[in-house]
Structures are given as structure tokens and as C-alpha cells.
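With TSV, C-alpha atoms inside, this is run.tsv:
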chain	number	residue	atom	x	y	z
A	1317	MET	CA	88.07	119.37	131.52
A	1318	ALA	CA	84.84	117.72	132.74
A	1319	VAL	CA	84.21	116.44	129.21
A	1320	LEU	CA	87.74	115.06	129.01
A	1321	LYS	CA	87.34	113.25	132.33
A	1322	GLN	CA	84.03	111.80	131.21
A	1323	MET	CA	85.64	110.52	128.02
A	1324	LEU	CA	88.50	108.92	129.97
A	1325	ASP	CA	86.25	107.32	132.59
A	1326	LYS	CA	85.24	104.51	130.23
A	1327	TYR	CA	88.82	103.20	130.08
A	1328	ASP	CA	90.90	101.18	132.53
A	1329	MET	CA	93.62	103.68	133.43
A	1330	THR	CA	95.18	101.52	136.17
A	1331	THR	CA	97.85	99.96	133.93
A	1332	ALA	CA	100.48	101.66	131.79
A	1333	ASP	CA	99.19	100.15	128.53
A	1334	GLY	CA	95.59	100.88	129.50
A	1335	ALA	CA	96.34	104.51	130.28
A	1336	VAL	CA	98.24	105.09	127.04
A	1337	ASN	CA	95.63	103.29	124.92
A	1338	GLY	CA	92.74	105.10	126.60
A	1339	LEU	CA	94.30	108.54	126.34
A	1340	ARG	CA	95.28	107.95	122.72
A	1341	GLU	CA	91.74	106.92	121.76
A	1342	VAL	CA	90.27	109.99	123.44
A	1343	MET	CA	92.77	112.16	121.58
A	1344	GLN	CA	91.76	110.46	118.32
A	1345	GLU	CA	88.10	111.25	118.98
A	1346	VAL	CA	88.91	114.88	119.78
A	1347	ALA	CA	90.92	115.14	116.55
A	1348	LEU	CA	87.95	113.74	114.60
A	1349	ALA	CA	85.72	116.36	116.21
A	1350	GLY	CA	88.08	119.13	115.12
A	1351	LEU	CA	88.20	117.78	111.58
A	1352	TYR	CA	84.40	117.65	111.52
A	1353	ARG	CA	84.12	121.28	112.61
A	1354	GLY	CA	86.57	122.21	109.88
A	1355	GLY	CA	84.49	120.52	107.15
A	1356	PHE	CA	87.10	117.84	106.42
A	1357	PHE	CA	84.55	115.05	105.94
A	1358	ASP	CA	82.98	116.87	103.02
A	1359	LYS	CA	86.07	115.78	101.07
A	1360	ALA	CA	87.40	112.72	102.87
A	1361	ALA	CA	86.39	109.47	104.56
A	1362	PHE	CA	87.81	107.66	107.59
A	1363	TYR	CA	89.13	104.10	107.26
A	1364	GLY	CA	91.62	101.69	108.84
A	1365	GLY	CA	91.90	100.06	112.25
A	1366	THR	CA	91.04	103.15	114.28
A	1367	CYS	CA	87.86	103.67	112.26
A	1368	LEU	CA	86.95	100.04	112.87
A	1369	ARG	CA	87.69	100.41	116.58
A	1370	ILE	CA	85.78	103.64	117.24
A	1371	PHE	CA	82.74	103.17	115.00
A	1372	TYR	CA	82.31	99.44	114.47
A	1373	GLY	CA	83.35	97.97	117.82
A	1374	LEU	CA	86.63	96.23	116.96
A	1375	PRO	CA	87.90	94.95	120.34
A	1376	ARG	CA	91.46	96.19	120.03
A	1377	PHE	CA	93.14	99.56	120.26
A	1378	SER	CA	94.68	101.23	117.21
A	1379	GLU	CA	97.33	103.92	116.85
A	1380	ASP	CA	96.85	105.89	113.63
A	1381	LEU	CA	94.21	107.98	111.88
A	1382	ASP	CA	93.88	107.02	108.20
A	1383	PHE	CA	91.78	108.93	105.68
A	1384	SER	CA	91.04	108.77	101.97
A	1385	LEU	CA	89.87	111.62	99.79
A	1386	LEU	CA	86.57	110.94	98.06
A	1387	ALA	CA	88.13	111.98	94.73
A	1388	SER	CA	91.76	112.31	93.67
A	1389	ASP	CA	93.31	115.71	94.35
A	1390	ILE	CA	97.10	115.84	94.28
A	1391	ASP	CA	97.02	119.49	95.38
A	1392	PHE	CA	94.92	118.80	98.48
A	1393	SER	CA	96.20	120.50	101.62
A	1394	LEU	CA	95.54	119.66	105.24
A	1395	GLU	CA	96.60	123.06	106.48
A	1396	PRO	CA	93.12	124.69	106.44
A	1397	TYR	CA	91.85	122.09	108.93
A	1398	PHE	CA	94.58	122.41	111.55
A	1399	LYS	CA	93.10	125.53	113.17
A	1400	ALA	CA	89.85	123.73	113.97
A	1401	VAL	CA	91.72	120.73	115.37
A	1402	ARG	CA	93.87	122.91	117.64
A	1403	GLU	CA	90.79	124.77	118.85
A	1404	GLU	CA	89.03	121.52	119.72
A	1405	PHE	CA	91.93	120.39	121.89
A	1406	SER	CA	92.27	123.85	123.43
A	1407	ALA	CA	88.61	123.78	124.49
A	1408	LEU	CA	89.46	120.72	126.62
A	1409	GLY	CA	92.51	122.40	128.13
A	1410	LEU	CA	95.00	120.53	125.92
A	1411	GLN	CA	97.68	121.75	123.58
A	1412	VAL	CA	98.47	119.96	120.33
A	1413	GLU	CA	101.44	120.28	118.01
A	1414	ILE	CA	101.07	119.26	114.35
A	1415	SER	CA	104.16	118.52	112.31
A	1416	ALA	CA	104.64	117.26	108.76
A	1417	LYS	CA	106.40	113.96	108.20
A	1418	LYS	CA	107.86	112.27	105.16
A	1419	LYS	CA	107.63	108.60	104.36
A	1420	THR	CA	110.95	106.90	103.80
A	1421	ALA	CA	112.07	103.34	103.08
A	1422	ARG	CA	113.38	103.20	106.65
A	1423	THR	CA	109.83	102.66	107.91
A	1424	GLY	CA	110.17	98.98	107.01
A	1425	ILE	CA	107.15	99.03	104.72
A	1426	GLU	CA	107.63	97.99	101.13
A	1427	SER	CA	107.60	100.60	98.37
A	1428	ALA	CA	103.97	100.06	97.34
A	1429	PHE	CA	102.95	101.55	100.67
A	1430	LEU	CA	105.30	104.54	100.39
A	1431	LYS	CA	103.00	106.56	98.17
A	1432	SER	CA	104.33	110.01	97.37
A	1433	ASP	CA	100.75	111.27	97.12
A	1434	THR	CA	100.02	110.57	100.78
A	1435	ARG	CA	99.99	113.46	103.25
A	1436	LEU	CA	101.47	112.38	106.56
A	1437	PHE	CA	101.42	114.38	109.78
A	1438	SER	CA	102.06	113.72	113.46
A	1439	PHE	CA	99.89	115.08	116.28
A	1440	ALA	CA	101.66	115.50	119.62
A	1441	VAL	CA	99.15	116.04	122.42
A	1442	HIS	CA	100.51	117.18	125.78
A	1443	ALA	CA	98.49	115.85	128.72
A	1444	ASP	CA	99.60	113.65	131.63
A	1445	LYS	CA	101.58	111.83	128.95
A	1446	THR	CA	102.62	113.12	125.55
A	1447	ILE	CA	100.66	111.10	123.02
A	1448	ARG	CA	101.65	111.06	119.36
A	1449	ILE	CA	99.12	110.16	116.69
A	1450	LYS	CA	100.00	109.63	113.04
A	1451	PHE	CA	97.51	111.29	110.69
A	1452	GLU	CA	97.54	110.11	107.07
A	1453	VAL	CA	95.51	111.20	104.04
A	1454	ASP	CA	95.64	109.42	100.68
A	1455	THR	CA	95.19	112.16	98.07
A	1456	ILE	CA	95.13	109.81	95.06
A	1457	PRO	CA	93.20	106.92	96.59
A	1458	PRO	CA	91.99	103.66	95.10
A	1459	LEU	CA	88.31	104.38	94.52
A	1460	GLY	CA	85.30	102.10	94.19
A	1461	PHE	CA	84.37	102.27	97.88
A	1462	ALA	CA	81.09	103.10	99.60
A	1463	THR	CA	80.73	105.31	102.68
A	1464	GLU	CA	78.29	105.77	105.53
A	1465	GLU	CA	77.79	108.40	108.21
A	1466	LYS	CA	78.65	107.19	111.71
A	1467	LEU	CA	77.70	109.02	114.90
A	1468	LEU	CA	80.12	109.90	117.70
A	1469	LEU	CA	78.68	111.40	120.90
A	1470	GLN	CA	81.82	112.85	122.52
A	1471	PRO	CA	83.26	115.43	122.90
A	1472	PHE	CA	79.92	116.44	121.28
A	1473	SER	CA	77.52	114.76	118.86
A	1474	PHE	CA	78.77	114.70	115.27
A	1475	TYR	CA	78.92	112.46	112.21
A	1476	VAL	CA	82.02	111.07	110.54
A	1477	LYS	CA	82.04	109.77	106.98
A	1478	CYS	CA	83.46	106.23	107.13
A	1479	PHE	CA	84.23	103.46	104.66
A	1480	SER	CA	81.57	100.75	104.59
A	1481	LEU	CA	82.52	97.49	106.30
A	1482	PRO	CA	83.01	95.40	103.10
A	1483	ASP	CA	85.39	98.06	101.77
A	1484	LEU	CA	87.21	98.36	105.09
A	1485	PHE	CA	87.64	94.58	104.93
A	1486	ALA	CA	89.04	94.85	101.39
A	1487	GLY	CA	91.58	97.42	102.54
A	1488	LYS	CA	92.60	95.27	105.48
A	1489	MET	CA	93.14	92.22	103.30
A	1490	HIS	CA	95.20	94.29	100.85
A	1491	ALA	CA	97.45	95.20	103.78
A	1492	LEU	CA	97.53	91.65	105.15
A	1493	LEU	CA	98.46	90.11	101.81
A	1494	PHE	CA	100.92	92.65	100.46
A	1495	ARG	CA	102.40	94.70	103.30
A	1496	ASN	CA	105.86	93.33	104.00
A	1497	TRP	CA	107.24	94.18	107.43
A	1498	LYS	CA	110.95	93.48	107.55
A	1499	ASN	CA	111.35	93.03	111.30
A	1500	ARG	CA	108.01	91.81	112.59
A	1501	ILE	CA	104.65	90.31	111.74
A	1502	LYS	CA	101.68	92.65	112.13
A	1503	GLY	CA	99.37	90.52	114.23
A	1504	ARG	CA	96.81	93.30	114.19
A	1505	ASP	CA	96.04	92.45	110.56
A	1506	TRP	CA	95.27	88.85	111.54
A	1507	PHE	CA	93.20	89.92	114.53
A	1508	ASP	CA	91.10	92.12	112.26
A	1509	PHE	CA	90.71	89.31	109.71
A	1510	GLU	CA	89.42	87.05	112.49
A	1511	TRP	CA	86.99	89.76	113.63
A	1512	TYR	CA	85.54	90.36	110.16
A	1513	VAL	CA	84.92	86.65	109.63
A	1514	ARG	CA	83.36	86.23	113.08
A	1515	GLN	CA	81.03	89.16	112.36
A	1516	GLY	CA	79.97	87.63	109.05
A	1517	ILE	CA	81.05	90.71	107.11
A	1518	PRO	CA	81.66	90.07	103.39
A	1519	LEU	CA	84.81	91.29	101.66
A	1520	ASN	CA	84.28	93.53	98.62
A	1521	LEU	CA	86.52	91.82	96.07
A	1522	SER	CA	86.03	94.63	93.54
A	1523	HIS	CA	87.56	97.24	95.85
A	1524	PHE	CA	90.35	94.84	96.82
A	1525	LEU	CA	91.26	94.45	93.14
A	1526	ILE	CA	91.33	98.23	92.61
A	1527	ARG	CA	93.71	98.58	95.56
A	1528	ALA	CA	95.93	95.71	94.41
A	1529	LYS	CA	96.17	97.08	90.87
A	1530	GLN	CA	97.04	100.58	92.10
A	1531	SER	CA	99.78	99.22	94.37
A	1532	GLY	CA	101.20	97.16	91.51
A	1533	HIS	CA	100.63	93.76	93.11
A	1534	LEU	CA	98.08	92.64	90.52
A	1535	GLN	CA	97.91	93.52	86.84
A	1536	ASN	CA	94.81	91.66	85.67
A	1537	ASP	CA	91.44	93.36	85.27
A	1538	ALA	CA	89.69	90.50	87.02
A	1539	LEU	CA	90.25	88.38	90.11
A	1540	SER	CA	88.14	85.34	90.88
A	1541	GLU	CA	87.09	84.28	94.34
A	1542	PRO	CA	89.12	81.02	94.13
A	1543	GLU	CA	92.21	83.01	93.09
A	1544	PHE	CA	91.82	85.32	96.07
A	1545	ARG	CA	91.36	82.40	98.45
A	1546	GLN	CA	94.50	80.77	97.08
A	1547	MET	CA	96.50	83.95	97.71
A	1548	LEU	CA	95.31	84.07	101.30
A	1549	GLN	CA	95.98	80.35	101.76
A	1550	GLN	CA	99.60	80.89	100.76
A	1551	ARG	CA	99.92	83.81	103.18
A	1552	ILE	CA	98.59	81.66	106.00
A	1553	ASP	CA	101.02	78.86	105.13
A	1554	GLY	CA	103.91	81.26	105.76
A	1555	LEU	CA	102.54	82.89	108.92
A	1556	ASN	CA	104.68	83.02	112.07
A	1557	VAL	CA	101.80	82.66	114.51
A	1558	SER	CA	103.80	83.28	117.69
A	1559	ALA	CA	105.16	86.55	116.26
A	1560	ALA	CA	101.65	87.61	115.29
A	1561	VAL	CA	100.38	86.94	118.82
A	1562	LYS	CA	103.26	88.91	120.34
A	1563	ASP	CA	102.45	91.93	118.16
A	1564	ILE	CA	98.75	92.10	119.01
A	1565	SER	CA	98.84	91.22	122.71
A	1566	ARG	CA	99.33	94.74	124.08
A	1567	PHE	CA	96.36	96.09	122.10
A	1568	VAL	CA	93.72	93.70	123.46
A	1569	LYS	CA	92.21	93.18	126.92
A	1570	ASP	CA	91.91	89.39	126.73
A	1571	ALA	CA	95.18	87.95	125.44
A	1572	GLU	CA	94.01	84.43	126.34
A	1573	ALA	CA	91.56	84.62	123.44
A	1574	LEU	CA	94.61	84.42	121.16
A	1575	ASN	CA	95.53	80.93	122.41
A	1576	ILE	CA	93.45	79.35	119.66
A	1577	TRP	CA	95.53	81.01	116.94
A	1578	SER	CA	97.29	78.59	114.59
A	1579	ARG	CA	97.70	78.18	110.86
A	1580	GLU	CA	94.92	75.60	110.90
A	1581	TYR	CA	92.64	78.04	112.73
A	1582	PHE	CA	93.17	80.73	110.11
A	1583	LYS	CA	92.60	78.18	107.34
A	1584	ASP	CA	89.27	77.33	108.96
A	1585	LEU	CA	88.41	81.04	109.07
A	1586	LEU	CA	89.30	81.23	105.38
A	1587	GLN	CA	86.68	78.58	104.66
A	1588	MET	CA	84.09	80.73	106.46
A	1589	LEU	CA	85.07	83.97	104.72
A	1590	LYS	CA	82.27	85.62	102.74
A	1591	ILE	CA	83.12	87.43	99.51
A	1592	THR	CA	81.01	89.83	97.49
A	1593	SER	CA	81.55	92.21	94.57
A	1594	THR	CA	80.13	95.62	93.69
A	1595	GLU	CA	80.49	95.00	89.98
The structure in this file should be written as C-alpha cells.
Amino acid sequence: MAVLKQMLDKYDMTTADGAVNGLREVMQEVALAGLYRGGFFDKAAFYGGTCLRIFYGLPRFSEDLDFSLLASDIDFSLEPYFKAVREEFSALGLQVEISAKKKTARTGIESAFLKSDTRLFSFAVHADKTIRIKFEVDTIPPLGFATEEKLLLQPFSFYVKCFSLPDLFAGKMHALLFRNWKNRIKGRDWFDFEWYVRQGIPLNLSHFLIRAKQSGHLQNDALSEPEFRQMLQQRIDGLNVSAAVKDISRFVKDAEALNIWSREYFKDLLQMLKITSTE
């Protein structure tokens, strides 16, 4: 339990949101450690907002663990890795329940994001609060991405295979442009877009195109930089900024930093966006 306390000490646990966010992130790191011990990262790579938060310093909390296989394997099973994950939590005095979930249209995400080849599980960790973490693996992923090994020091030192930043950016922009939430705007996508631009990270247009073609949103074999910028311009023109701010506020420490958000602000960020291609 000393390791667990040390991991929690770096978070502000004095508020309800802070306690939940801190405990969830620690649980995510413990889950990654278990997956590492089980050999999971020989076959898969970590991506998404939680990857960006833990390994690249994104200043917002994230809820889910998203992974992509390194090569398509429709018969891939997560089951062999669950024992190692449970043992990692048990070593810290915690119990974890792992249950399979099915994606349905009721999630409010359009059909292109309801891939039948995605394995979806929920981790329920019982501590002071019961924390649930969604764990998702794309077994027939859009390829054309690069990876790098990133070091995590707790609960012990280990490496996690992660998407490179330009490919993480491509995945984020695919979500920002094409994910259609019925009831709310996902301000987290716009926060991440702002962060990538501020960091000067280029977007890998080649990987974006592979993702867009697989999801059925684009059919052409080529996409020019001006065409991409026009797509993003149109998305900005339709953005409900106040709804985006409301969505992201509970995941960041400094909500006042969001006061600058406006359509004009995001258009200015668009002008500063760097784009590259692996082709």
C-alpha cells in the first residue's frame, strides 16, 4: 500500500473531482503495469487521450484506455492478459473486476465508431471509491503509424509501446472531424487540438487518411493539405464553443485558461497547424 500512497500523493485529493481523477489515473497506470508484465505490448500499442496524458504531459485527465494491435488479428483475445492485471492490483491491496462489454448504437457515437472488431472491457477497481475504466482494443486497426517506447516509473519501472505524437494527432483529428455526439460536444477533442498546436507537433496526414478511409468518411486515395484545412475550417464554423467548454472544464485544473476559446481562436490555431506526411 506504500506504493499506492506514493502514487496518489502527487494528486490533489481535496476535491471530489480531484480525488476521482487522481485515483482513476493511478488505476490506469497499474493496469498498464499488469499488461506489460503479461507481454501485451509485444502485440499492441497505447494511444488516445490517456496515452497523451500519462506519457506526453497533456494537462487534462482522461477516462479510457485505448489500444491498437500492431497488425490485424480478428481472433485476438484479451483473456490471457487479465491474470497479470489482476495480480498487479492485488499486489497493491486492490481488487479488480473485468467484464466484457458490447458496443451499441445507444452510446451516441455514430456507426463508424461502432466497429465490430473492437474488444471492449470494463475494469471496476474497488478502493475508497469504485472506479470504472473502459479498456478498448482495435483488432483490425488502421495501420501506417509509428511507435515509440515510453518509460513509466510507478508502480515499478517499465516501458509502454505508444503511438508517436504525429500519429496520435492524426487519430485525434479523425475523432474531432467525424465523431458525432448526439447530445453533447466533446470539448476534450478541442482541448487536445489546442495542445498539439501549442506544442508545435505536426499532424501525420497519411495516417489520418488511412483512418478516414477505413471509417468510410473519405473514399479518395489522396488528401491534400488545403482539403484537410477546409474540412477543419467547416467543423470550426459549426462549433458550439460554450458546450465544448462545459464538457472539458471538470478535466482540467485551470478552467480560466478556456476563456480565450472562440471560433476565431480555433481558426487562428488552424493557421498555425503543422502538417506532415509519411508517404
Among listed residues A:Leu1481, A:Ala1559, A:Met1588, A:Val1568, nearest Ser1378 in chain A (using only C-alpha atoms):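 Checking each candidate against Ser1378 in chain A, we get A:Val1568 as the closest.
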Give the answer as one residue: which of A:Ala1571, A:Val1401, A:Ala1332, A:Leu1436 has the shortest atom-to-atom distance to Arg1353 in chain A, using all atoms listed in the file?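 Checking each candidate against Arg1353 in chain A, we get A:Val1401 as the closest.
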Which residue of A:Phe1524, A:Lys1399, A:Ser1384, A:Gly1334 approaches Thr1463 in chain A most closely, using all atoms listed in the file: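 Under the stated criterion, the closest residue is A:Ser1384.
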For Asp1553 in chain A, which of A:Met1343, A:Leu1521, A:Leu1586, A:Leu1386 is the closest residue, counting all atoms listed in the file?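 Closest to Asp1553 in chain A, using all atoms listed in the file: A:Leu1586.
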For Gln1530 in chain A, the nearest of the candidates A:Phe1509, A:Phe1357, A:Leu1408, A:Pro1457, counting only C-alpha atoms: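 Between A:Phe1509, A:Phe1357, A:Leu1408, A:Pro1457, the residue approaching Gln1530 in chain A most closely is A:Pro1457.
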Counting all atoms listed in the file, find the residues whose atoms lie at most 7 Å from (101.3, 117.4, 116.0) (file coordinates) and write them out as JSON, numbers by chain. {"A": [1412, 1413, 1414, 1415, 1437, 1438, 1439, 1440, 1441]}
For Trp1506 in chain A, which residue out of A:Val1453, A:Leu1467, A:Ala1486, A:Val1561 is the nearest one, using all atoms listed in the file?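 Selected residue with least distance to Trp1506 in chain A: A:Val1561.
Rounded to one decimal, CA of Glu1510 in chain A and CA of Leu1324 in chain A lie 28.0 Å from each other.
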In Å and to one decimal, CA of Ala1573 in chain A is distant from CA of Glu1345 in chain A by 27.2 Å
Distance query Ile1526 in chain A at most 8 Å, all atoms listed in the file, self and fewer than 5 positions along chain excluded, as a ChimeraX atom specification: /A:1458-1460
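Between CA of Gly1355 in chain A and CA of Leu1469 in chain A the interatomic distance comes to 17.5 Å.
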Identify the residues within 8 Å of coordinate (94.1, 104.7, 110.5) (same frame as the file), considering only C-alpha atoms, and give the answer as a compact mmCIF listing (two decimals) with C-alpha atoms, keeping the file's coordinate frame.
# COMPACT_ATOMS: atom_id res chain seq x y z
CA PHE A 1362 87.81 107.66 107.59
CA TYR A 1363 89.13 104.10 107.26
CA GLY A 1364 91.62 101.69 108.84
CA GLY A 1365 91.90 100.06 112.25
CA THR A 1366 91.04 103.15 114.28
CA CYS A 1367 87.86 103.67 112.26
CA SER A 1378 94.68 101.23 117.21
CA GLU A 1379 97.33 103.92 116.85
CA ASP A 1380 96.85 105.89 113.63
CA LEU A 1381 94.21 107.98 111.88
CA ASP A 1382 93.88 107.02 108.20
CA PHE A 1383 91.78 108.93 105.68
CA PHE A 1451 97.51 111.29 110.69
CA GLU A 1452 97.54 110.11 107.07
Need the shell around Lys1477 in chain A: protein/DNA/RNA residues with any atom at most 6 Å away, counting all atoms listed in the file. Skip same-chain ones fewer than 3 positions apart. Format as a PyMOL selection string? chain A and resi 1357+1361+1464-1465
Glu1341 in chain A: which residues within 10 Å, counting all atoms listed in the file, same-chain residues fewer than 3 positions away excluded, as a VMD selection string? chain A and resid 1323 to 1324 1327 1335 to 1338 1344 to 1347 1366 1369 to 1370 1377 to 1380 1447 1449
